[in-house]
file model_30.cif (mmCIF, C-alpha atoms and all ligand atoms)
data_entry
loop_
_atom_site.group_PDB
_atom_site.id
_atom_site.type_symbol
_atom_site.label_atom_id
_atom_site.label_comp_id
_atom_site.auth_asym_id
_atom_site.auth_seq_id
_atom_site.Cartn_x
_atom_site.Cartn_y
_atom_site.Cartn_z
ATOM 1 C CA MET G 1 -4.567 25.510 45.491
ATOM 2 C CA ILE G 2 -1.627 27.698 44.523
ATOM 3 C CA ASN G 3 -1.765 30.618 42.145
ATOM 4 C CA LEU G 4 -0.192 29.300 38.950
ATOM 5 C CA VAL G 5 1.593 31.891 36.839
ATOM 6 C CA SER G 6 3.675 31.535 33.666
ATOM 7 C CA LEU G 7 5.709 34.668 32.996
ATOM 8 C CA HIS G 8 8.173 33.221 30.474
ATOM 9 C CA THR G 9 6.221 31.751 27.578
ATOM 10 C CA HIS G 10 7.037 31.414 23.873
ATOM 11 C CA THR G 11 4.727 31.005 20.891
ATOM 12 C CA SER G 12 5.088 30.453 17.168
ATOM 13 C CA TYR G 13 5.778 34.208 16.834
ATOM 14 C CA SER G 14 9.348 33.173 17.703
ATOM 15 C CA ASP G 15 10.650 29.659 18.353
ATOM 16 C CA GLY G 16 7.644 28.248 20.211
ATOM 17 C CA LYS G 17 5.762 25.282 18.762
ATOM 18 C CA ASN G 18 2.203 26.482 19.407
ATOM 19 C CA SER G 19 0.083 29.500 18.599
ATOM 20 C CA MET G 20 -0.714 32.094 21.229
ATOM 21 C CA GLU G 21 -4.299 30.883 21.529
ATOM 22 C CA GLU G 22 -3.229 27.234 21.899
ATOM 23 C CA MET G 23 -0.949 28.319 24.752
ATOM 24 C CA VAL G 24 -3.783 30.275 26.385
ATOM 25 C CA LEU G 25 -6.161 27.308 26.167
ATOM 26 C CA GLN G 26 -3.517 24.997 27.636
ATOM 27 C CA ALA G 27 -2.789 27.489 30.402
ATOM 28 C CA ILE G 28 -6.473 27.629 31.310
ATOM 29 C CA SER G 29 -6.831 23.849 31.360
ATOM 30 C CA SER G 30 -3.624 23.499 33.421
ATOM 31 C CA GLY G 31 -5.042 25.901 35.999
ATOM 32 C CA PHE G 32 -2.870 28.963 35.348
ATOM 33 C CA LYS G 33 -4.384 32.221 36.547
ATOM 34 C CA ARG G 34 -1.964 34.393 34.626
ATOM 35 C CA ILE G 35 0.133 33.949 31.492
ATOM 36 C CA GLY G 36 2.698 36.366 30.082
ATOM 37 C CA PHE G 37 3.998 35.962 26.551
ATOM 38 C CA THR G 38 7.675 36.675 26.075
ATOM 39 C CA ASP G 39 8.673 35.844 22.547
ATOM 40 C CA HIS G 40 12.252 36.467 21.472
ATOM 41 C CA SER G 41 13.079 39.992 20.364
ATOM 42 C CA PHE G 42 14.561 40.435 16.918
ATOM 43 C CA VAL G 43 18.320 39.974 16.504
ATOM 44 C CA THR G 44 20.060 40.103 13.133
ATOM 45 C CA CYS G 45 22.773 37.640 14.183
ATOM 46 C CA ASP G 46 20.314 34.734 14.380
ATOM 47 C CA ALA G 47 17.049 35.779 12.736
ATOM 48 C CA GLU G 48 15.773 32.206 12.585
ATOM 49 C CA TYR G 49 14.737 31.720 16.215
ATOM 50 C CA CYS G 50 13.425 35.195 17.033
ATOM 51 C CA MET G 51 10.359 37.274 16.198
ATOM 52 C CA ALA G 52 10.557 39.334 13.011
ATOM 53 C CA TYR G 53 10.387 43.030 13.843
ATOM 54 C CA GLU G 54 7.504 43.537 11.399
ATOM 55 C CA ASN G 55 5.474 41.050 13.468
ATOM 56 C CA TYR G 56 5.730 42.991 16.752
ATOM 57 C CA ASP G 57 2.440 44.815 16.154
ATOM 58 C CA ALA G 58 0.536 41.665 15.206
ATOM 59 C CA TYR G 59 1.951 39.953 18.308
ATOM 60 C CA LYS G 60 0.760 42.757 20.589
ATOM 61 C CA LYS G 61 -2.601 42.901 18.830
ATOM 62 C CA GLU G 62 -3.230 39.175 19.155
ATOM 63 C CA ALA G 63 -2.293 39.235 22.846
ATOM 64 C CA ARG G 64 -4.775 42.100 23.366
ATOM 65 C CA MET G 65 -7.515 40.244 21.499
ATOM 66 C CA LEU G 66 -6.979 37.069 23.560
ATOM 67 C CA LYS G 67 -6.818 39.105 26.772
ATOM 68 C CA GLU G 68 -10.353 40.311 26.097
ATOM 69 C CA LYS G 69 -11.651 36.998 24.781
ATOM 70 C CA TYR G 70 -10.511 35.029 27.850
ATOM 71 C CA ALA G 71 -10.766 37.829 30.427
ATOM 72 C CA ASP G 72 -13.055 35.812 32.701
ATOM 73 C CA LYS G 73 -10.727 32.787 32.688
ATOM 74 C CA ILE G 74 -7.142 34.035 32.788
ATOM 75 C CA GLU G 75 -5.083 37.219 32.935
ATOM 76 C CA ILE G 76 -2.931 37.696 29.841
ATOM 77 C CA LEU G 77 0.177 39.891 29.660
ATOM 78 C CA CYS G 78 2.219 40.785 26.604
ATOM 79 C CA GLY G 79 5.928 40.887 27.374
ATOM 80 C CA ILE G 80 9.086 40.237 25.408
ATOM 81 C CA GLU G 81 12.334 38.354 25.984
ATOM 82 C CA GLN G 82 14.704 41.091 24.982
ATOM 83 C CA ASP G 83 18.101 39.851 23.880
ATOM 84 C CA TYR G 84 21.154 41.828 24.985
ATOM 85 C CA TYR G 85 22.053 42.363 21.331
ATOM 86 C CA SER G 86 18.579 43.070 20.070
ATOM 87 C CA ASP G 87 18.356 45.559 17.220
ATOM 88 C CA TYR G 88 15.272 47.393 18.483
ATOM 89 C CA PRO G 89 14.353 48.670 21.941
ATOM 90 C CA ALA G 90 11.591 46.840 23.844
ATOM 91 C CA GLU G 91 8.777 49.397 23.724
ATOM 92 C CA GLY G 92 5.087 49.058 24.457
ATOM 93 C CA PHE G 93 5.262 45.739 26.293
ATOM 94 C CA ASP G 94 3.806 44.952 29.724
ATOM 95 C CA TYR G 95 7.214 43.801 30.965
ATOM 96 C CA VAL G 96 10.654 42.742 29.730
ATOM 97 C CA ILE G 97 12.779 39.681 30.422
ATOM 98 C CA GLY G 98 16.393 40.641 29.674
ATOM 99 C CA SER G 99 18.504 37.730 28.433
ATOM 100 C CA VAL G 100 21.980 37.111 27.073
ATOM 101 C CA HIS G 101 21.960 34.436 24.362
ATOM 102 C CA PHE G 102 25.203 35.504 22.665
ATOM 103 C CA ILE G 103 28.531 36.942 23.582
ATOM 104 C CA LYS G 104 30.025 39.360 21.094
ATOM 105 C CA ILE G 105 33.698 39.538 20.330
ATOM 106 C CA ASP G 106 34.721 42.000 17.627
ATOM 107 C CA ASP G 107 32.006 41.403 15.028
ATOM 108 C CA ASP G 108 31.471 37.797 15.971
ATOM 109 C CA TYR G 109 28.291 36.766 17.831
ATOM 110 C CA ILE G 110 28.814 33.468 19.629
ATOM 111 C CA CYS G 111 25.631 31.732 20.663
ATOM 112 C CA ILE G 112 26.000 30.377 24.192
ATOM 113 C CA ASP G 113 22.445 29.046 24.304
ATOM 114 C CA TRP G 114 22.636 26.252 21.753
ATOM 115 C CA GLY G 115 21.629 22.922 23.136
ATOM 116 C CA GLY G 116 23.450 19.610 23.143
ATOM 117 C CA GLU G 117 27.079 18.786 22.535
ATOM 118 C CA GLU G 118 27.145 21.267 19.665
ATOM 119 C CA GLY G 119 26.564 23.992 22.257
ATOM 120 C CA THR G 120 29.638 22.970 24.254
ATOM 121 C CA ARG G 121 31.762 22.704 21.108
ATOM 122 C CA THR G 122 30.767 26.205 20.008
ATOM 123 C CA ILE G 123 31.798 27.646 23.380
ATOM 124 C CA GLN G 124 35.051 25.673 23.418
ATOM 125 C CA ALA G 125 35.930 26.854 19.910
ATOM 126 C CA ALA G 126 35.305 30.475 20.963
ATOM 127 C CA ALA G 127 37.502 30.031 24.054
ATOM 128 C CA LYS G 128 40.277 28.749 21.813
ATOM 129 C CA LYS G 129 39.902 31.508 19.249
ATOM 130 C CA TYR G 130 39.431 34.521 21.524
ATOM 131 C CA PHE G 131 40.560 33.596 25.048
ATOM 132 C CA ASN G 132 43.804 31.610 24.599
ATOM 133 C CA ASP G 133 41.830 28.455 25.306
ATOM 134 C CA ASP G 134 41.058 29.753 28.801
ATOM 135 C CA ILE G 135 37.431 28.703 29.320
ATOM 136 C CA TYR G 136 37.196 30.651 32.590
ATOM 137 C CA ALA G 137 38.154 33.869 30.801
ATOM 138 C CA LEU G 138 35.205 33.282 28.452
ATOM 139 C CA LEU G 139 32.891 32.570 31.387
ATOM 140 C CA GLU G 140 34.097 35.795 33.082
ATOM 141 C CA TYR G 141 33.321 37.665 29.876
ATOM 142 C CA TYR G 142 29.820 36.154 29.776
ATOM 143 C CA PHE G 143 29.034 37.247 33.351
ATOM 144 C CA GLU G 144 30.516 40.670 32.681
ATOM 145 C CA THR G 145 28.090 40.947 29.760
ATOM 146 C CA ILE G 146 25.029 39.911 31.752
ATOM 147 C CA SER G 147 25.911 42.341 34.552
ATOM 148 C CA SER G 148 24.784 45.198 32.265
ATOM 149 C CA VAL G 149 21.658 43.464 30.918
ATOM 150 C CA VAL G 150 19.313 45.866 32.731
ATOM 151 C CA GLU G 151 20.803 48.984 31.106
ATOM 152 C CA LYS G 152 20.957 47.252 27.749
ATOM 153 C CA THR G 153 17.459 45.754 27.627
ATOM 154 C CA GLY G 154 15.330 47.612 30.178
ATOM 155 C CA ALA G 155 14.754 44.278 31.925
ATOM 156 C CA ASP G 156 12.247 43.855 34.731
ATOM 157 C CA ILE G 157 13.286 40.215 35.050
ATOM 158 C CA ILE G 158 16.775 38.733 34.577
ATOM 159 C CA GLY G 159 16.466 35.793 32.186
ATOM 160 C CA HIS G 160 18.272 32.470 32.823
ATOM 161 C CA PHE G 161 21.238 34.068 34.614
ATOM 162 C CA ASP G 162 23.706 31.176 34.144
ATOM 163 C CA VAL G 163 22.362 29.743 30.870
ATOM 164 C CA ILE G 164 25.948 29.281 29.666
ATOM 165 C CA ARG G 165 26.003 26.237 31.943
ATOM 166 C CA LYS G 166 23.267 24.686 29.787
ATOM 167 C CA THR G 167 25.314 21.927 28.109
ATOM 168 C CA ASN G 168 27.778 21.355 30.940
ATOM 169 C CA GLU G 169 26.376 17.969 31.853
ATOM 170 C CA GLN G 170 26.008 16.548 28.350
ATOM 171 C CA LEU G 171 29.554 17.498 27.402
ATOM 172 C CA PRO G 172 31.243 19.144 30.396
ATOM 173 C CA PHE G 173 33.546 22.054 29.668
ATOM 174 C CA PHE G 174 34.107 23.674 33.065
ATOM 175 C CA ASP G 175 33.874 23.053 36.800
ATOM 176 C CA PRO G 176 31.033 25.040 38.452
ATOM 177 C CA GLU G 177 33.019 24.853 41.725
ATOM 178 C CA ASN G 178 36.006 26.625 40.194
ATOM 179 C CA GLU G 179 36.787 29.768 42.168
ATOM 180 C CA ARG G 180 37.109 31.959 39.079
ATOM 181 C CA TYR G 181 33.651 30.864 37.926
ATOM 182 C CA ILE G 182 32.157 31.550 41.353
ATOM 183 C CA ALA G 183 33.871 34.938 41.600
ATOM 184 C CA ALA G 184 32.555 35.862 38.128
ATOM 185 C CA TRP G 185 28.903 35.091 38.873
ATOM 186 C CA LYS G 186 29.096 36.706 42.310
ATOM 187 C CA LYS G 187 30.430 39.899 40.767
ATOM 188 C CA ALA G 188 27.526 39.984 38.285
ATOM 189 C CA ILE G 189 24.933 39.314 41.016
ATOM 190 C CA ASP G 190 26.425 42.059 43.199
ATOM 191 C CA ILE G 191 25.835 44.523 40.354
ATOM 192 C CA LEU G 192 22.391 43.251 39.292
ATOM 193 C CA ILE G 193 21.070 43.142 42.832
ATOM 194 C CA THR G 194 21.352 46.933 43.039
ATOM 195 C CA LYS G 195 18.962 47.324 40.072
ATOM 196 C CA ASN G 196 15.966 46.097 42.031
ATOM 197 C CA VAL G 197 14.862 43.574 39.426
ATOM 198 C CA LEU G 198 13.437 40.093 39.672
ATOM 199 C CA PHE G 199 15.558 37.010 38.933
ATOM 200 C CA GLU G 200 13.758 34.166 37.245
ATOM 201 C CA ILE G 201 14.361 30.633 38.448
ATOM 202 C CA ASN G 202 14.091 29.114 35.021
ATOM 203 C CA VAL G 203 13.242 25.428 35.461
ATOM 204 C CA SER G 204 13.228 24.562 31.746
ATOM 205 C CA PRO G 205 16.404 22.427 32.108
ATOM 206 C CA LEU G 206 14.500 20.286 34.623
ATOM 207 C CA LEU G 207 11.397 20.078 32.413
ATOM 208 C CA ASN G 208 13.485 19.311 29.315
ATOM 209 C CA LYS G 209 15.781 17.007 31.325
ATOM 210 C CA THR G 210 18.917 18.655 29.923
ATOM 211 C CA LEU G 211 20.519 19.692 33.217
ATOM 212 C CA SER G 212 19.961 18.640 36.824
ATOM 213 C CA VAL G 213 19.807 22.244 38.061
ATOM 214 C CA PRO G 214 17.671 25.219 37.016
ATOM 215 C CA HIS G 215 19.031 28.598 35.868
ATOM 216 C CA PRO G 216 20.359 29.951 38.151
ATOM 217 C CA ALA G 217 21.788 26.898 39.902
ATOM 218 C CA TYR G 218 21.037 26.394 43.605
ATOM 219 C CA ASP G 219 24.252 27.949 44.960
ATOM 220 C CA ILE G 220 23.573 31.128 42.949
ATOM 221 C CA GLN G 221 19.964 31.187 44.151
ATOM 222 C CA ALA G 222 21.210 30.983 47.749
ATOM 223 C CA TYR G 223 23.542 33.933 47.116
ATOM 224 C CA ILE G 224 20.736 36.015 45.553
ATOM 225 C CA LYS G 225 18.558 35.238 48.556
ATOM 226 C CA GLU G 226 21.342 36.129 50.974
ATOM 227 C CA LYS G 227 21.713 39.492 49.202
ATOM 228 C CA GLY G 228 17.980 40.159 49.471
ATOM 229 C CA GLY G 229 17.165 39.581 45.791
ATOM 230 C CA LYS G 230 13.727 38.484 44.608
ATOM 231 C CA MET G 231 13.218 35.344 42.554
ATOM 232 C CA TYR G 232 10.325 33.891 40.596
ATOM 233 C CA TYR G 233 9.754 30.480 39.014
ATOM 234 C CA THR G 234 9.401 30.372 35.235
ATOM 235 C CA GLY G 235 9.178 27.483 32.782
ATOM 236 C CA ASP G 236 10.488 29.151 29.593
ATOM 237 C CA CYS G 237 7.760 27.067 27.942
ATOM 238 C CA HIS G 238 8.019 26.618 24.190
ATOM 239 C CA SER G 239 4.997 24.303 23.795
ATOM 240 C CA THR G 240 1.669 23.336 25.347
ATOM 241 C CA VAL G 241 3.309 20.133 26.613
ATOM 242 C CA ARG G 242 5.933 22.107 28.540
ATOM 243 C CA LEU G 243 3.282 24.462 29.898
ATOM 244 C CA SER G 244 1.443 21.490 31.319
ATOM 245 C CA ASP G 245 4.760 20.082 32.698
ATOM 246 C CA PHE G 246 5.461 23.455 34.300
ATOM 247 C CA ALA G 247 2.055 23.466 36.008
ATOM 248 C CA ASN G 248 2.826 20.023 37.421
ATOM 249 C CA TYR G 249 6.259 21.186 38.556
ATOM 250 C CA LEU G 250 4.806 24.177 40.418
ATOM 251 C CA GLN G 251 2.133 22.019 41.977
ATOM 252 C CA ASN G 252 4.709 19.477 43.177
ATOM 253 C CA GLU G 253 6.889 22.246 44.608
ATOM 254 C CA ALA G 254 3.892 23.659 46.474
ATOM 255 C CA ASP G 255 2.936 20.205 47.766
ATOM 256 C CA ALA G 256 6.510 19.620 48.965
ATOM 257 C CA LEU G 257 6.328 22.800 51.033
ATOM 258 C CA LYS G 258 3.160 21.704 52.832
HETATM 259 ZN ZN ZN D 301 16.225 32.859 26.555
HETATM 260 ZN ZN ZN D 302 12.851 32.098 26.653
#
call {"tool": "encode", "arguments": {"input": "model_30.cif", "output": "structure tokens"}}
result
Amino acid sequence: MINLVSLHTHTSYSDGKNSMEEMVLQAISSGFKRIGFTDHSFVTCDAEYCMAYENYDAYKKEARMLKEKYADKIEILCGIEQDYYSDYPAEGFDYVIGSVHFIKIDDDYICIDWGGEEGTRTIQAAAKKYFNDDIYALLEYYFETISSVVEKTGADIIGHFDVIRKTNEQLPFFDPENERYIAAWKKAIDILITKNVLFEINVSPLLNKTLSVPHPAYDIQAYIKEKGGKMYYTGDCHSTVRLSDFANYLQNEADALK
């Protein structure tokens, strides 16, 4: 029996489908020994998907209440997924996942984490508008941004390092084998590796069946490993269904290693 842990978990405090308690109950029945909540920090550029700042206290309070209530069944942590462009610092949380969901050019925030073909079109339009239609220049800019995510967010864990690749199979817009792309992510890893943080291996694309590789992709994982970086599986679960899928994923991975 492996020790199941979910360190990247969303609830209805941000864009998750279920309440905190529903997620806890699912985690217990799926055999998790530890669950950490990491709802999205507040950002003004896209207030819809994130947690309202005035709800931070209620979020922490509810996590504390559930921690006591289910203390004999599961360990509960209260973290936050702190966006690079968040308006408030991440204070008073057990840990921080630092993530880049937007790139900012002048006063324009371009979401690089939208799903589906719309996601690709948004990125392509930004490349046209700001980078002379050079998609690799935009990708370089993205990795340059994420290379300072620790300073910006106080991250303990680097969230979905190459999430910009998210829609590249539904509507491809770049070649992951391109040498400029590889050089850009390597440069960011070389910087982040010195910060002594954890990299998540975010398997949500596999659970959601949106991409055939996790974030980061396997070649990036190999590079992190080669450089001595530490990695940890997360499911970025936004519902009880995904939490259960994530438990199955971890179990299958563990079985495959036997
Ligand atoms: Zn995220
Ligand atoms: Zn997330």
call {"tool": "resolve_selection", "arguments": {"input": "model_30.cif", "expression": "the PyMOL selection byres (((not hetatm)) within 7 of (chain D and resi 301))", "output": "list in words"}}
result
Glu81, Ser99, His101, Gly159 and His160 of chain G
call {"tool": "axis_aligned_box", "arguments": {"input": "model_30.cif", "around": "stretch 75-79 of chain G", "padding_each_side": "8 Å", "output": "JSON"}}
result
{"center_x": 0.4, "center_y": 39.1, "center_z": 29.8, "size_x": 27.0, "size_y": 19.7, "size_z": 22.3}
call {"tool": "residues_near_point", "arguments": {"input": "model_30.cif", "point": "(23.8, 19.1, 26.5)", "cutoff": "7 Å", "atoms": "only C-alpha atoms", "output": "PyMOL selection string"}}
result
chain G and resi 115-117+166-171+210
call {"tool": "resolve_selection", "arguments": {"input": "model_30.cif", "expression": "the PyMOL selection byres (((chain G and resi 60-72) around 12) and not hetatm)", "output": "PyMOL selection string"}}
result
chain G and resi 11+13+19-25+27-28+33-39+51+53-59+73-80+91-94
call {"tool": "write_last_selection", "arguments": {"input": "model_30.cif", "atoms": "C-alpha atoms", "output": "PDB file, keeping the file's coordinate frame"}}
result
ATOM      1  CA  THR G  11       4.727  31.005  20.891  1.00  0.00           C
ATOM      2  CA  TYR G  13       5.778  34.208  16.834  1.00  0.00           C
ATOM      3  CA  SER G  19       0.083  29.500  18.599  1.00  0.00           C
ATOM      4  CA  MET G  20      -0.714  32.094  21.229  1.00  0.00           C
ATOM      5  CA  GLU G  21      -4.299  30.883  21.529  1.00  0.00           C
ATOM      6  CA  GLU G  22      -3.229  27.234  21.899  1.00  0.00           C
ATOM      7  CA  MET G  23      -0.949  28.319  24.752  1.00  0.00           C
ATOM      8  CA  VAL G  24      -3.783  30.275  26.385  1.00  0.00           C
ATOM      9  CA  LEU G  25      -6.161  27.308  26.167  1.00  0.00           C
ATOM     10  CA  ALA G  27      -2.789  27.489  30.402  1.00  0.00           C
ATOM     11  CA  ILE G  28      -6.473  27.629  31.310  1.00  0.00           C
ATOM     12  CA  LYS G  33      -4.384  32.221  36.547  1.00  0.00           C
ATOM     13  CA  ARG G  34      -1.964  34.393  34.626  1.00  0.00           C
ATOM     14  CA  ILE G  35       0.133  33.949  31.492  1.00  0.00           C
ATOM     15  CA  GLY G  36       2.698  36.366  30.082  1.00  0.00           C
ATOM     16  CA  PHE G  37       3.998  35.962  26.551  1.00  0.00           C
ATOM     17  CA  THR G  38       7.675  36.675  26.075  1.00  0.00           C
ATOM     18  CA  ASP G  39       8.673  35.844  22.547  1.00  0.00           C
ATOM     19  CA  MET G  51      10.359  37.274  16.198  1.00  0.00           C
ATOM     20  CA  TYR G  53      10.387  43.030  13.843  1.00  0.00           C
ATOM     21  CA  GLU G  54       7.504  43.537  11.399  1.00  0.00           C
ATOM     22  CA  ASN G  55       5.474  41.050  13.468  1.00  0.00           C
ATOM     23  CA  TYR G  56       5.730  42.991  16.752  1.00  0.00           C
ATOM     24  CA  ASP G  57       2.440  44.815  16.154  1.00  0.00           C
ATOM     25  CA  ALA G  58       0.536  41.665  15.206  1.00  0.00           C
ATOM     26  CA  TYR G  59       1.951  39.953  18.308  1.00  0.00           C
ATOM     27  CA  LYS G  73     -10.727  32.787  32.688  1.00  0.00           C
ATOM     28  CA  ILE G  74      -7.142  34.035  32.788  1.00  0.00           C
ATOM     29  CA  GLU G  75      -5.083  37.219  32.935  1.00  0.00           C
ATOM     30  CA  ILE G  76      -2.931  37.696  29.841  1.00  0.00           C
ATOM     31  CA  LEU G  77       0.177  39.891  29.660  1.00  0.00           C
ATOM     32  CA  CYS G  78       2.219  40.785  26.604  1.00  0.00           C
ATOM     33  CA  GLY G  79       5.928  40.887  27.374  1.00  0.00           C
ATOM     34  CA  ILE G  80       9.086  40.237  25.408  1.00  0.00           C
ATOM     35  CA  GLU G  91       8.777  49.397  23.724  1.00  0.00           C
ATOM     36  CA  GLY G  92       5.087  49.058  24.457  1.00  0.00           C
ATOM     37  CA  PHE G  93       5.262  45.739  26.293  1.00  0.00           C
ATOM     38  CA  ASP G  94       3.806  44.952  29.724  1.00  0.00           C
TER      39      ASP G  94
END
call {"tool": "closest_residue", "arguments": {"input": "model_30.cif", "among": "G:Ile158, G:Ala125, G:Cys50, G:Leu198", "to": "G:Gly228", "atoms": "all atoms listed in the file"}}
result
G:Leu198
call {"tool": "closest_residue", "arguments": {"input": "model_30.cif", "among": "G:Ile2, G:Val96, G:Ala183, G:Ile191", "to": "ligand ZN 302 (chain D)", "atoms": "only C-alpha atoms and all ligand atoms"}}
result
G:Val96
call {"tool": "atom_distance", "arguments": {"input": "model_30.cif", "atom1": "atom CA of G:Lys187", "atom2": "atom CA of G:Pro89"}}
result
26.3 Å
call {"tool": "atom_distance", "arguments": {"input": "model_30.cif", "atom1": "atom CA of G:Ala52", "atom2": "atom CA of G:Lys104"}}
result
21.1 Å
call {"tool": "residues_around", "arguments": {"input": "model_30.cif", "residues": "G:Ala155", "least_positions_apart": "5", "cutoff": "7 Å", "atoms": "all atoms listed in the file", "output": "list in words"}}
result
Val96, Ile97, Gly98 and Val150 of chain G
call {"tool": "closest_residue", "arguments": {"input": "model_30.cif", "among": "G:Thr120, G:Ser86, G:Asn202, G:Ser30", "to": "ligand ZN 302 (chain D)", "atoms": "all atoms listed in the file"}}
result
G:Asn202
call {"tool": "resolve_selection", "arguments": {"input": "model_30.cif", "expression": "the PyMOL selection byres (((chain G and resi 136-143) around 6) and not hetatm)", "output": "JSON, numbers by chain"}}
result
{"G": [127, 134, 135, 144, 145, 146, 184, 185, 188]}
call {"tool": "closest_residue", "arguments": {"input": "model_30.cif", "among": "G:Cys237, G:Lys258, G:Ile193, G:Ala247", "to": "G:Asn18", "atoms": "all atoms listed in the file"}}
result
G:Cys237
call {"tool": "closest_residue", "arguments": {"input": "model_30.cif", "among": "G:Thr122, G:Ser204, G:Asn132, G:Thr153", "to": "ligand ZN 302 (chain D)", "atoms": "only C-alpha atoms and all ligand atoms"}}
result
G:Ser204
call {"tool": "closest_residue", "arguments": {"input": "model_30.cif", "among": "G:Ala222, G:Ala47, G:Val241, G:Ile164", "to": "G:Lys17", "atoms": "all atoms listed in the file"}}
result
G:Val241
call {"tool": "atom_distance", "arguments": {"input": "model_30.cif", "atom1": "atom CA of G:Ser41", "atom2": "atom CA of G:Tyr85"}}
result
9.3 Å
